[in-house]
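K.L.:
Please find one structure pasted underneath; my questions will follow.
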There are 2 protein chains.
Amino acid sequence: MHNLVLALALAAAPANELQPIYDQVTKHHAESVERLRKWVALPTIAAEGLNTEQGVKRMMELAREAGFQKVERIATDGKPGVFATLDAGAAKTVGLYFMYDVKQFDPKEWSSPPLEGKLVSKPGLGKVMVGRGAVNQKGPQSALLAALHAIRAAGKKLPVNLVLVAEGEEEIGSPHFAQIVRKPEVMAALSKTIGVFMPGAEQGSQGEVTVSLGAKGVVELELVASGEKWGRGASTDVHSANRARLDSPAFHLVQALATLVDANGDPAIDAFTAKARPLSAEENAMLDLAAVAQSEADDKSRMGVKVWARDAGWRESLGHLVGRPTVNIEGLVAGYTGPGGKTVLPTRAVAKLDLRLVPDMTRDEAVAALKAHLAKRGFGDLEVNVSGGYDPNATALSSVLIQKSIATYTARGITPLLWPRNAGSWPGYVFTNPPLSLPASHFGLGHGDGAHAPNEYFLIESTNPKLGGYDETVKSYVEYLYQLGQ
Amino acid sequence: MHNLVLALALAAAPANELQPIYDQVTKHHAESVERLRKWVALPTIAAEGLNTEQGVKRMMELAREAGFQKVERIATDGKPGVFATLDAGAAKTVGLYFMYDVKQFDPKEWSSPPLEGKLVSKPGLGKVMVGRGAVNQKGPQSALLAALHAIRAAGKKLPVNLVLVAEGEEEIGSPHFAQIVRKPEVMAALSKTIGVFMPGAEQGSQGEVTVSLGAKGVVELELVASGEKWGRGASTDVHSANRARLDSPAFHLVQALATLVDANGDPAIDAFTAKARPLSAEENAMLDLAAVAQSEADDKSRMGVKVWARDAGWRESLGHLVGRPTVNIEGLVAGYTGPGGKTVLPTRAVAKLDLRLVPDMTRDEAVAALKAHLAKRGFGDLEVNVSGGYDPNATALSSVLIQKSIATYTARGITPLLWPRNAGSWPGYVFTNPPLSLPASHFGLGHGDGAHAPNEYFLIESTNPKLGGYDETVKSYVEYLYQLGQ
């Protein structure tokens, strides 16, 4: 094991102690998979206001069924959250972060219906469940719940107490998650935990496991140009013949967008990256190892990539992925968007952006920088409608949460790859920022892919000797909880 | 009458000669309006491939019913056209240009259903027919057909022979109209005409009439950026976390678009405007008069405009409208376009553009300039998909077609306003360019608005003393045909 892992001499729970639990995992396999399938069939999509009520109720039922004694709905200014506690009379308490929402989907793009959760054979893997939310995040979360069911079914007492916080707005940038966590009773419960983890399918297709020490922050926003707010152009869509005497809000937006990046497409928003912390020597060392352990060809092939941005080499591209703030266009909408053309001068144009942040950037400073940048360049009329976002988060390698996850994987013969920071985002900052200042991370065996994309899947029955299926994933949670309880 | 109108001493047909025809116009009012209503109920939309067959058949029926003896369907590489002739044994032959297609529409944006052609009271006007195509161009065209019906019903011989050419792709830029006109038999028939006119509702809301001496040309095109063609970024939509290591086709498009205009939004495409002919002294004199005759306040209020582009004054804005080439964004589409956001890095981004051309620019040179401009700046990978377009056209004030339209209006006590060139486009170049080199223009009393917009309307029963309703429009065509026959 490489020198970055400060492996603690942790005694794994003896195999004979956990065997009765493993037996229950196997025995209840079909029931656990069916629980996941039913959850996939109920998509809660915050952006579309879909199934909020049904989603939060199901989340509460799932918690109750898994043994949480207290399960509360937490109202927010947006979609409700769930706060649940399981008091096992254990010495230690662990926090869990769940999301009950999923990303939007277009069934036309799927080869298997996105809500049916069908088991489909996938070459080199085995049988996977295909469905929206299968890997992001219902599969891993249901596996953790199955672990709780199995421990109880084996007649065992849970080795840790649990505090669960769940939200239904993760996929729109968790705009109200802080409201959930900052309720006094939730705060009080979380402050007793040794840290908070989110169940995740952390295994790559070769069985490799990654332990990430944080995540970028993100701001999701719409930039809207309109004749109305600009005071130029028309206040309604007019015939494009008028373009000769009327300004174009769509070009106004395009001109504003063009100032947000440099020729390479890198952020050029004034002061945006001022507090971006360069990768440390330790983080760079992690990436040196990762560049050897991970396959560039696989990554390129998976996404259909010929060259990395800035013509970077593989190792360099990983540094960019982890270390660079970004400005991304998620979507553009203006005027006529159907087939062919339509000679219209649109009065409104919208760019949907996401900005990714690295420590020590903050969401609020990023938004302020963007607004100031636009105002300075004559684009102060553009609406900056922030729909969600959060600060970056980081958790120390030396924290118990991370060290015990490493120990759990290692006990299974898997040397985890350390990763400085996820390029994707999750609202771990609510836990890692003051006043809680807790470790926060992801944990879980299991493999899946296609988050936010068509044909999202989660491996259920593995034919790949390097990968476990659903039951091995469930067992990994049993083992981690026992490690944490020690 | 101002000095620009070289009024010929035309003898208007004596009122008593036309009275029996006027009587028929009145008698068949309901039938004529119903013919229009039914036509509005059948929208042919080339961009959507909607009702092509039904549309061309209806066009042919309408021509036959109005007395055209020979009515032929003309196949093209796109939607079919119609070629029809009416031999009245007259000395002179006049060409007619019709379109049987209409612009796309979104019923949600309409206060009256766009296909029902309901008669709705409009303050200050009277009863208007609301429907897609009502003014652009079925209302005026149906009024011309009603004139032919009325002349026949009165037992009169048509004072001119007619050659009709109609297309079903005007709203997508007439990509195949030249194929229709250049069929040898069509060409032969048109070459015998004294010119070609398109029926149009040429009256403003105060009853004023404009005679335009040409039209801008146009190119409609899609500019498409994609990871596939670019060879950068991903070849599929991927999670936006990858933005840090992947180029963005959407930003590539934005950066390309930003080079097409200057800070004012005016064309900045290399060589694009090189052949743009400045307005002549005669054209400027027409605009001087127009600036006095037309109401800036009305124009501004109609479109919800506070300031003209380039902060122009009223007279200056008319010069811009008529004299300037443009680059317009009709629409933008990329990635996620639904409510809220979606953390995706789109692999494809599309801008729908229209370029407006003034003499002596040409469609082909404009497209070539755009492609060269993009290639020179590193955007040669962008697809330039031209969906339609045509050259500008111009017709001399001294032409018989124009002079007789002026005489017809004048005989009604309306002094027409001369207008150098429509800012909107129509494929008159097919007639005005060699080898035909014919005069081509619009003619017609009648008032309507909302072409390409929701709640398009055409005035049917006027309560405004300055405006005639449908029957007066029909009569204006009777009068024009008699003028042309002399």
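All residue names refer to the structure tokens as shown: chains lettered A, B, ... in order, residues numbered from 1 in each chain, ligands numbered from 1 in order.
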Just need the residues of chain B within 6 Å of chain A, counting only C-alpha atoms, so spit them out as number ranges by chain.
P.N.:
B: 47, 232, 234-235, 241, 244-247, 254-255, 258, 303-305, 307-309, 317, 320-321, 324, 326, 330-337, 339-340, 344-345, 423-424
K.L.:
Write down as a list in words the residues belonging to stretch 214-286 of chain B that are assigned strand (DSSP E or B) by DSSP computed on the backbone.
P.N.:
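Secondary structure check on stretch 214-286 of chain B, strand (DSSP E or B): Gly214, Ala215, Lys216, Gly217, Val218, Val219, Glu220, Leu221, Glu222, Leu223, Val224, Ala225, Ser226, Val238, His239, Val261 and Pro267 of chain B.
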K.L.:
Output the selection as a short mmCIF file (atom, residue, chain, number, x, y, z; two decimals), in the first residue's frame - all heavy atoms for each residue.
P.N.:
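This is the output file again39.cif:
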```cif
data_model
loop_
_atom_site.label_atom_id
_atom_site.label_comp_id
_atom_site.auth_asym_id
_atom_site.auth_seq_id
_atom_site.Cartn_x
_atom_site.Cartn_y
_atom_site.Cartn_z
N GLY B 214 -38.72 46.83 -53.84
CA GLY B 214 -37.82 45.70 -53.78
C GLY B 214 -37.83 45.07 -52.42
O GLY B 214 -38.69 45.39 -51.58
N ALA B 215 -36.91 44.20 -52.20
CA ALA B 215 -36.83 43.52 -50.91
C ALA B 215 -35.40 43.06 -50.68
O ALA B 215 -34.66 42.78 -51.62
CB ALA B 215 -37.77 42.33 -50.86
N LYS B 216 -35.07 43.01 -49.41
CA LYS B 216 -33.78 42.43 -49.06
C LYS B 216 -33.76 40.95 -49.44
O LYS B 216 -34.81 40.30 -49.51
CB LYS B 216 -33.54 42.56 -47.55
CG LYS B 216 -33.21 43.97 -47.08
CD LYS B 216 -32.83 43.94 -45.61
CE LYS B 216 -32.55 45.35 -45.10
NZ LYS B 216 -32.32 45.36 -43.63
N GLY B 217 -32.56 40.46 -49.62
CA GLY B 217 -32.38 39.01 -49.74
C GLY B 217 -32.18 38.42 -48.36
O GLY B 217 -32.08 39.15 -47.36
N VAL B 218 -32.15 37.12 -48.28
CA VAL B 218 -32.01 36.47 -46.99
C VAL B 218 -31.28 35.15 -47.15
O VAL B 218 -31.34 34.53 -48.22
CB VAL B 218 -33.40 36.24 -46.35
CG1 VAL B 218 -34.20 35.19 -47.11
CG2 VAL B 218 -33.30 35.87 -44.87
N VAL B 219 -30.57 34.77 -46.13
CA VAL B 219 -30.05 33.40 -46.04
C VAL B 219 -30.50 32.88 -44.68
O VAL B 219 -30.27 33.53 -43.67
CB VAL B 219 -28.51 33.33 -46.10
CG1 VAL B 219 -28.06 31.87 -46.10
CG2 VAL B 219 -27.98 34.05 -47.31
N GLU B 220 -31.16 31.73 -44.68
CA GLU B 220 -31.47 31.07 -43.41
C GLU B 220 -30.57 29.86 -43.27
O GLU B 220 -30.43 29.07 -44.21
CB GLU B 220 -32.94 30.66 -43.35
CG GLU B 220 -33.85 31.81 -43.00
CD GLU B 220 -35.22 31.32 -42.52
OE1 GLU B 220 -35.38 31.06 -41.31
OE2 GLU B 220 -36.12 31.18 -43.37
N LEU B 221 -29.99 29.72 -42.12
CA LEU B 221 -29.04 28.62 -41.93
C LEU B 221 -28.94 28.22 -40.47
O LEU B 221 -29.31 28.98 -39.57
CB LEU B 221 -27.66 29.04 -42.44
CG LEU B 221 -27.00 30.23 -41.74
CD1 LEU B 221 -26.06 29.77 -40.63
CD2 LEU B 221 -26.22 31.06 -42.74
N GLU B 222 -28.47 27.01 -40.28
CA GLU B 222 -28.11 26.55 -38.95
C GLU B 222 -26.59 26.47 -38.86
O GLU B 222 -25.94 25.96 -39.78
CB GLU B 222 -28.68 25.15 -38.67
CG GLU B 222 -30.15 25.15 -38.32
CD GLU B 222 -30.62 23.77 -37.88
OE1 GLU B 222 -29.88 22.79 -38.07
OE2 GLU B 222 -31.72 23.68 -37.34
N LEU B 223 -26.08 26.95 -37.76
CA LEU B 223 -24.66 26.80 -37.45
C LEU B 223 -24.60 25.74 -36.34
O LEU B 223 -25.20 25.94 -35.28
CB LEU B 223 -24.15 28.15 -36.92
CG LEU B 223 -22.78 28.64 -37.33
CD1 LEU B 223 -22.60 28.63 -38.82
CD2 LEU B 223 -22.57 30.05 -36.79
N VAL B 224 -23.91 24.66 -36.61
CA VAL B 224 -23.92 23.54 -35.67
C VAL B 224 -22.51 23.23 -35.20
O VAL B 224 -21.62 22.97 -36.02
CB VAL B 224 -24.53 22.27 -36.31
CG1 VAL B 224 -24.61 21.14 -35.28
CG2 VAL B 224 -25.89 22.56 -36.92
N ALA B 225 -22.31 23.27 -33.89
CA ALA B 225 -21.04 22.83 -33.31
C ALA B 225 -21.27 21.46 -32.67
O ALA B 225 -22.28 21.26 -32.01
CB ALA B 225 -20.56 23.82 -32.26
N SER B 226 -20.36 20.55 -32.89
CA SER B 226 -20.50 19.23 -32.27
C SER B 226 -19.13 18.66 -31.95
O SER B 226 -18.15 18.94 -32.65
CB SER B 226 -21.25 18.27 -33.20
OG SER B 226 -20.47 18.00 -34.35
N VAL B 238 -22.14 14.32 -21.72
CA VAL B 238 -21.56 13.70 -20.52
C VAL B 238 -21.81 14.60 -19.31
O VAL B 238 -22.23 15.75 -19.45
CB VAL B 238 -20.04 13.45 -20.68
CG1 VAL B 238 -19.78 12.45 -21.81
CG2 VAL B 238 -19.27 14.75 -20.93
N HIS B 239 -21.56 14.05 -18.13
CA HIS B 239 -21.75 14.82 -16.89
C HIS B 239 -20.84 16.05 -16.94
O HIS B 239 -19.68 15.97 -17.34
CB HIS B 239 -21.40 13.94 -15.69
CG HIS B 239 -21.83 14.53 -14.38
ND1 HIS B 239 -21.22 15.62 -13.82
CD2 HIS B 239 -22.83 14.19 -13.54
CE1 HIS B 239 -21.81 15.93 -12.67
NE2 HIS B 239 -22.80 15.07 -12.48
N VAL B 261 -20.63 39.48 -35.17
CA VAL B 261 -21.12 40.84 -35.02
C VAL B 261 -20.11 41.67 -34.25
O VAL B 261 -19.29 41.13 -33.51
CB VAL B 261 -22.49 40.88 -34.28
CG1 VAL B 261 -23.57 40.18 -35.10
CG2 VAL B 261 -22.39 40.28 -32.90
N PRO B 267 -23.16 43.37 -38.44
CA PRO B 267 -22.38 42.30 -39.08
C PRO B 267 -20.88 42.57 -39.05
O PRO B 267 -20.44 43.68 -39.36
CB PRO B 267 -22.90 42.31 -40.52
CG PRO B 267 -24.28 42.87 -40.44
CD PRO B 267 -24.23 43.87 -39.32
#
```
K.L.:
Give me, as number ranges by chain, all polymer residues having an atom no more than 12 Å from A:Ile180, counting only C-alpha atoms and skipping those fewer than 4 positions away in the same chain.
P.N.:
A: 72-84, 97, 164-169, 174-176, 184-187, 190, 427, 430-431
K.L.:
Could you give me, as a VMD selection string, the residues within 12 Å of A:Asp471, counting only C-alpha atoms and dropping anything in the same chain fewer than 6 positions from it?
P.N.:
chain A and resid 21 to 33 139 to 140 142 to 147 150 444 to 447 459 to 462 477 to 478
K.L.:
Selected residues, N, CA, C and O atoms, written as a compact mmCIF listing (two decimals), in the first residue's frame, please.
P.N.:
```txt
# COMPACT_ATOMS: atom_id res chain seq x y z
N ILE A 21 -25.06 -12.49 9.34
CA ILE A 21 -25.61 -11.32 8.63
C ILE A 21 -25.51 -11.54 7.13
O ILE A 21 -26.46 -11.31 6.38
N TYR A 22 -24.33 -12.02 6.68
CA TYR A 22 -24.15 -12.31 5.24
C TYR A 22 -25.24 -13.29 4.78
O TYR A 22 -25.76 -13.17 3.67
N ASP A 23 -25.53 -14.27 5.63
CA ASP A 23 -26.56 -15.26 5.26
C ASP A 23 -27.90 -14.58 5.02
O ASP A 23 -28.63 -14.93 4.09
N GLN A 24 -28.19 -13.60 5.86
CA GLN A 24 -29.46 -12.87 5.70
C GLN A 24 -29.45 -12.02 4.43
O GLN A 24 -30.48 -11.85 3.76
N VAL A 25 -28.27 -11.47 4.11
CA VAL A 25 -28.14 -10.69 2.87
C VAL A 25 -28.51 -11.57 1.69
O VAL A 25 -29.31 -11.19 0.82
N THR A 26 -27.94 -12.78 1.68
CA THR A 26 -28.19 -13.70 0.58
C THR A 26 -29.66 -14.12 0.55
O THR A 26 -30.31 -14.11 -0.50
N LYS A 27 -30.16 -14.42 1.73
CA LYS A 27 -31.54 -14.91 1.83
C LYS A 27 -32.55 -13.86 1.31
O LYS A 27 -33.54 -14.22 0.68
N HIS A 28 -32.27 -12.61 1.59
CA HIS A 28 -33.23 -11.56 1.24
C HIS A 28 -32.87 -10.82 -0.05
O HIS A 28 -33.36 -9.72 -0.28
N HIS A 29 -32.02 -11.45 -0.84
CA HIS A 29 -31.55 -10.81 -2.08
C HIS A 29 -32.71 -10.31 -2.95
O HIS A 29 -32.77 -9.14 -3.33
N ALA A 30 -33.63 -11.22 -3.24
CA ALA A 30 -34.72 -10.87 -4.18
C ALA A 30 -35.55 -9.72 -3.63
O ALA A 30 -35.91 -8.78 -4.36
N GLU A 31 -35.81 -9.79 -2.36
CA GLU A 31 -36.62 -8.75 -1.69
C GLU A 31 -35.90 -7.38 -1.74
O GLU A 31 -36.52 -6.34 -2.00
N SER A 32 -34.58 -7.41 -1.52
CA SER A 32 -33.81 -6.16 -1.54
C SER A 32 -33.79 -5.55 -2.94
O SER A 32 -33.93 -4.33 -3.11
N VAL A 33 -33.61 -6.41 -3.95
CA VAL A 33 -33.56 -5.90 -5.33
C VAL A 33 -34.94 -5.35 -5.73
O VAL A 33 -35.04 -4.32 -6.40
N GLY A 139 -29.50 2.86 -5.99
CA GLY A 139 -28.86 1.56 -5.86
C GLY A 139 -28.00 1.47 -4.62
O GLY A 139 -28.24 0.64 -3.72
N PRO A 140 -26.99 2.34 -4.51
CA PRO A 140 -26.14 2.32 -3.32
C PRO A 140 -26.93 2.56 -2.03
O PRO A 140 -26.69 1.90 -1.01
N SER A 142 -30.10 1.92 -1.42
CA SER A 142 -30.93 0.75 -1.07
C SER A 142 -30.05 -0.36 -0.53
O SER A 142 -30.48 -1.16 0.31
N ALA A 143 -28.80 -0.43 -1.01
CA ALA A 143 -27.89 -1.46 -0.50
C ALA A 143 -27.55 -1.19 0.96
O ALA A 143 -27.47 -2.12 1.78
N LEU A 144 -27.38 0.08 1.30
CA LEU A 144 -27.14 0.38 2.71
C LEU A 144 -28.35 0.00 3.56
O LEU A 144 -28.21 -0.59 4.65
N LEU A 145 -29.53 0.31 3.06
CA LEU A 145 -30.73 -0.06 3.81
C LEU A 145 -30.84 -1.57 3.94
O LEU A 145 -31.22 -2.09 5.01
N ALA A 146 -30.46 -2.29 2.89
CA ALA A 146 -30.50 -3.76 2.94
C ALA A 146 -29.53 -4.27 4.00
O ALA A 146 -29.80 -5.29 4.66
N ALA A 147 -28.43 -3.58 4.19
CA ALA A 147 -27.47 -3.97 5.24
C ALA A 147 -28.13 -3.85 6.62
O ALA A 147 -27.97 -4.74 7.47
N ALA A 150 -30.50 -6.68 7.06
CA ALA A 150 -29.81 -7.96 7.26
C ALA A 150 -29.28 -8.08 8.69
O ALA A 150 -29.37 -9.15 9.30
N GLY A 444 -18.74 2.70 -0.42
CA GLY A 444 -19.53 1.59 -0.93
C GLY A 444 -18.83 0.83 -2.04
O GLY A 444 -18.26 1.42 -2.94
N LEU A 445 -18.89 -0.50 -1.92
CA LEU A 445 -18.56 -1.30 -3.09
C LEU A 445 -19.72 -1.16 -4.07
O LEU A 445 -20.74 -0.55 -3.78
N GLY A 446 -19.55 -1.79 -5.21
CA GLY A 446 -20.63 -1.75 -6.20
C GLY A 446 -20.20 -0.93 -7.40
O GLY A 446 -19.36 -0.03 -7.29
N HIS A 447 -20.80 -1.28 -8.53
CA HIS A 447 -20.43 -0.63 -9.78
C HIS A 447 -21.67 -0.22 -10.57
O HIS A 447 -22.65 -0.97 -10.65
N LEU A 459 -24.89 -2.54 -11.09
CA LEU A 459 -24.62 -3.98 -11.21
C LEU A 459 -25.32 -4.77 -10.09
O LEU A 459 -25.14 -4.47 -8.91
N ILE A 460 -26.08 -5.78 -10.49
CA ILE A 460 -26.83 -6.60 -9.52
C ILE A 460 -26.24 -8.00 -9.40
O ILE A 460 -25.96 -8.47 -8.31
N GLU A 461 -26.05 -8.67 -10.52
CA GLU A 461 -25.47 -10.02 -10.49
C GLU A 461 -24.21 -10.01 -11.33
O GLU A 461 -24.28 -9.93 -12.55
N SER A 462 -23.08 -10.11 -10.68
CA SER A 462 -21.82 -9.96 -11.38
C SER A 462 -21.34 -11.27 -12.00
O SER A 462 -21.41 -12.33 -11.38
N TYR A 477 -21.39 -2.57 3.22
CA TYR A 477 -21.96 -1.62 4.20
C TYR A 477 -21.99 -2.22 5.58
O TYR A 477 -21.73 -1.55 6.58
N VAL A 478 -22.31 -3.52 5.66
CA VAL A 478 -22.27 -4.21 6.97
C VAL A 478 -20.87 -4.06 7.56
O VAL A 478 -20.69 -3.66 8.72
```
K.L.:
Neighbouring residues of A:Lys118 were defined as those with any atom within 12 Å, considering only C-alpha atoms; residues of the same chain fewer than 6 positions away were excluded. Please report them as a list in words.
P.N.:
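In the requested form, the answer reads Val33, Glu34, Leu36, Arg37, Lys38, Val40, Ala41, Trp110, Ser111, Ser112, Lys127, Val128, Met129, Val130, Gly131, Arg132, Ala134, Asn455, Glu456, Tyr457, Phe458, Leu459 and Ile460 of chain A.
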K.L.:
Between A:Ser280, A:Gln141, A:Thr52, A:Asn464, which is the closest to A:Arg421 once you count only C-alpha atoms?
P.N.:
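So, comparing all the options, the nearest one is A:Ser280.
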K.L.:
Taking only C-alpha atoms into account, name the residue in B:Val163, B:Ala66, B:Val211, B:Leu86 that is nearest to B:Ala188.
P.N.:
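Nearest to B:Ala188: B:Val163.
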